[in-house]
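Asks: Pasting a structure here, questions to come.
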Protein chains: 2
Amino acid sequence: MSGRFHVSEHPLQEARVSGMVSDGGAGGLVTFVGRVRPHSDGRQVERLEYEAYPEMAEAAFGEIASEAQRRFRILDVAIHHRVGSLKPGEIAVVVAVAAAHRGDAFEACRFVIDRLKELAPIWKKEHYGGGAVWIGAF
Amino acid sequence: MSGRFHVSEHPLQEARVSGMVSDGGAGGLVTFVGRVRPHSDGRQVERLEYEAYPEMAEAAFGEIASEAQRRFRILDVAIHHRVGSLKPGEIAVVVAVAAAHRGDAFEACRFVIDRLKELAPIWKKEHYGGGAVWIGAF
């Protein structure tokens with residue numbers, strides 16, 4: 001079984017991630033699910049490849065969660081990210097945040113996914129009909 | 001089977017509601033889950049009772065979703081609310097919003113749950129060790 005901060009080669013399930021932060025005291029749980037979109041800059045995406053060093057990425061997830069814990073009144077955070085080759089519609093990332101009050105859960109969840117996109121050591125390559133391009137950070 | 005805007009006497013499942021808005025074009029899905037908290041104003045909550053006229057409440061959910069569709073660039077919204085007697089930890093409400101981009105999904109989901117708490121014709125009664133009180137709108 002995986003922990004709260006996890007990089008996986010297997011399909012992600014929203015309910016599994018949100019279930020990790022659903023303890024009894026939480027009045028509000030906000031979950032973000034990011035999927036591979038079928039288009040990027042007007043081009044048809046055939047598949048996306050995500051690459052990461054799992055230990056580094058999981059450590060980064062833990063640091064981002066700690067930063068969220070310091071900034072917001074939240075109870076718990078879980079972050080799972082997929083790696084490997086994904087087709088449009090597949091889930092790339094799930095972030096779940098539990099808090100006593102909903103405002104904190106919304107703000108912290110948004111903060112975590114924005115921070116992940118900025119900082120997480122995960123690389124993304126988009127494959128189109130006509131070729132492929134590394135996007136750098138996801 | 002129920003629709004996107006639904007009042008239910010049965011336990012709610014986050015994944016069932018978010019699955020209703022998960023079509024292929026959505027890059028971002030934000031789900032809010034509201035649970036009964038074990039405390040309210042320092043008092044131990046034994047259970048909460050929610051009452052609604054389902055048809056009226058479901059129509060109100062649809063109007064709030066339409067308002068969100070007009071204000072934000074979103075693809076779809078689903079709103080399920082439980083009625084009856086709930087214990088602490090049980091899910092009272094689930095709101096799921098899908099959008100091409102995550103910012104819209106976060107803002108619209110927050111808008112919908114805030115609007116629901118203001119407007120939805122659902123009444124809430126808290127039962128404590130020492131008595132019970134109607135809270136008015138949930």
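Quick note on naming: the chains in the structure tokens go A, B, ... in the order shown, residues restart at 1 in each chain, and ligands are numbered from 1 in order of appearance.
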Residues of chain A within 6 Å of chain B: nearest atom pair and distance (Å, one decimal) for each, counting only C-alpha atoms, sorted by chain and number, as JSON lines?
Replies:
{"residue": "A:Ala15", "atom": "CA", "partner": "B:Ala15", "partner_atom": "CA", "distance": 6.0}
{"residue": "A:Gly24", "atom": "CA", "partner": "B:Gly89", "partner_atom": "CA", "distance": 5.0}
{"residue": "A:Gly25", "atom": "CA", "partner": "B:Arg37", "partner_atom": "CA", "distance": 5.8}
{"residue": "A:Gly27", "atom": "CA", "partner": "B:Arg35", "partner_atom": "CA", "distance": 4.8}
{"residue": "A:Gly28", "atom": "CA", "partner": "B:Gly34", "partner_atom": "CA", "distance": 4.8}
{"residue": "A:Leu29", "atom": "CA", "partner": "B:Val33", "partner_atom": "CA", "distance": 5.0}
{"residue": "A:Val30", "atom": "CA", "partner": "B:Phe32", "partner_atom": "CA", "distance": 4.6}
{"residue": "A:Thr31", "atom": "CA", "partner": "B:Thr31", "partner_atom": "CA", "distance": 5.1}
{"residue": "A:Phe32", "atom": "CA", "partner": "B:Val30", "partner_atom": "CA", "distance": 4.6}
{"residue": "A:Val33", "atom": "CA", "partner": "B:Leu29", "partner_atom": "CA", "distance": 5.0}
{"residue": "A:Gly34", "atom": "CA", "partner": "B:Gly28", "partner_atom": "CA", "distance": 4.8}
{"residue": "A:Arg35", "atom": "CA", "partner": "B:Gly27", "partner_atom": "CA", "distance": 4.8}
{"residue": "A:Arg37", "atom": "CA", "partner": "B:Gly27", "partner_atom": "CA", "distance": 5.2}
{"residue": "A:Gly89", "atom": "CA", "partner": "B:Gly24", "partner_atom": "CA", "distance": 5.0}
Asks: Would you list the contacts of range 68-70 of chain B as a list of chain:residue names, taking every protein, DNA or RNA residue within 9 Å and counting only C-alpha atoms, but skipping same-chain residues closer than 6 positions in sequence?
Replies: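 These residues fall inside the cut-off: B:Asp76, B:Val77, B:Ala108, B:Cys109, B:Phe111, B:Val112.
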Asks: Would you output that residue set with N, CA and C atoms, as an mmCIF file, in the first residue's frame?
Replies:
data_model
loop_
_atom_site.group_PDB
_atom_site.id
_atom_site.type_symbol
_atom_site.label_atom_id
_atom_site.label_comp_id
_atom_site.auth_asym_id
_atom_site.auth_seq_id
_atom_site.Cartn_x
_atom_site.Cartn_y
_atom_site.Cartn_z
ATOM 1 N N ASP B 76 -19.249 21.164 -16.510
ATOM 2 C CA ASP B 76 -20.342 20.413 -15.904
ATOM 3 C C ASP B 76 -20.318 20.553 -14.380
ATOM 4 N N VAL B 77 -21.487 20.382 -13.780
ATOM 5 C CA VAL B 77 -21.654 20.482 -12.322
ATOM 6 C C VAL B 77 -22.591 19.374 -11.856
ATOM 7 N N ALA B 108 -15.523 27.863 -9.346
ATOM 8 C CA ALA B 108 -16.933 27.507 -9.511
ATOM 9 C C ALA B 108 -17.402 26.570 -8.398
ATOM 10 N N CYS B 109 -16.562 25.636 -7.982
ATOM 11 C CA CYS B 109 -16.963 24.704 -6.917
ATOM 12 C C CYS B 109 -17.183 25.471 -5.614
ATOM 13 N N PHE B 111 -17.952 28.656 -5.374
ATOM 14 C CA PHE B 111 -19.160 29.455 -5.586
ATOM 15 C C PHE B 111 -20.417 28.614 -5.330
ATOM 16 N N VAL B 112 -20.436 27.401 -5.872
ATOM 17 C CA VAL B 112 -21.629 26.551 -5.760
ATOM 18 C C VAL B 112 -21.899 26.183 -4.297
#
Asks: Find the distance between CA of Ser40 in chain B and CA of Pro121 in chain B and write it in Å to one decimal.
Replies: 21.2 Å
Asks: Mind giving me the straight-line distance from CA of Ala78 in chain B to CA of Phe5 in chain B in Å, one decimal?
Replies: 5.9 Å
Asks: Pick out the closest residue to Glu51 in chain B from this set: B:His80, B:Lys124, B:Lys117, B:Lys87. Count only C-alpha atoms.
Replies: B:Lys124
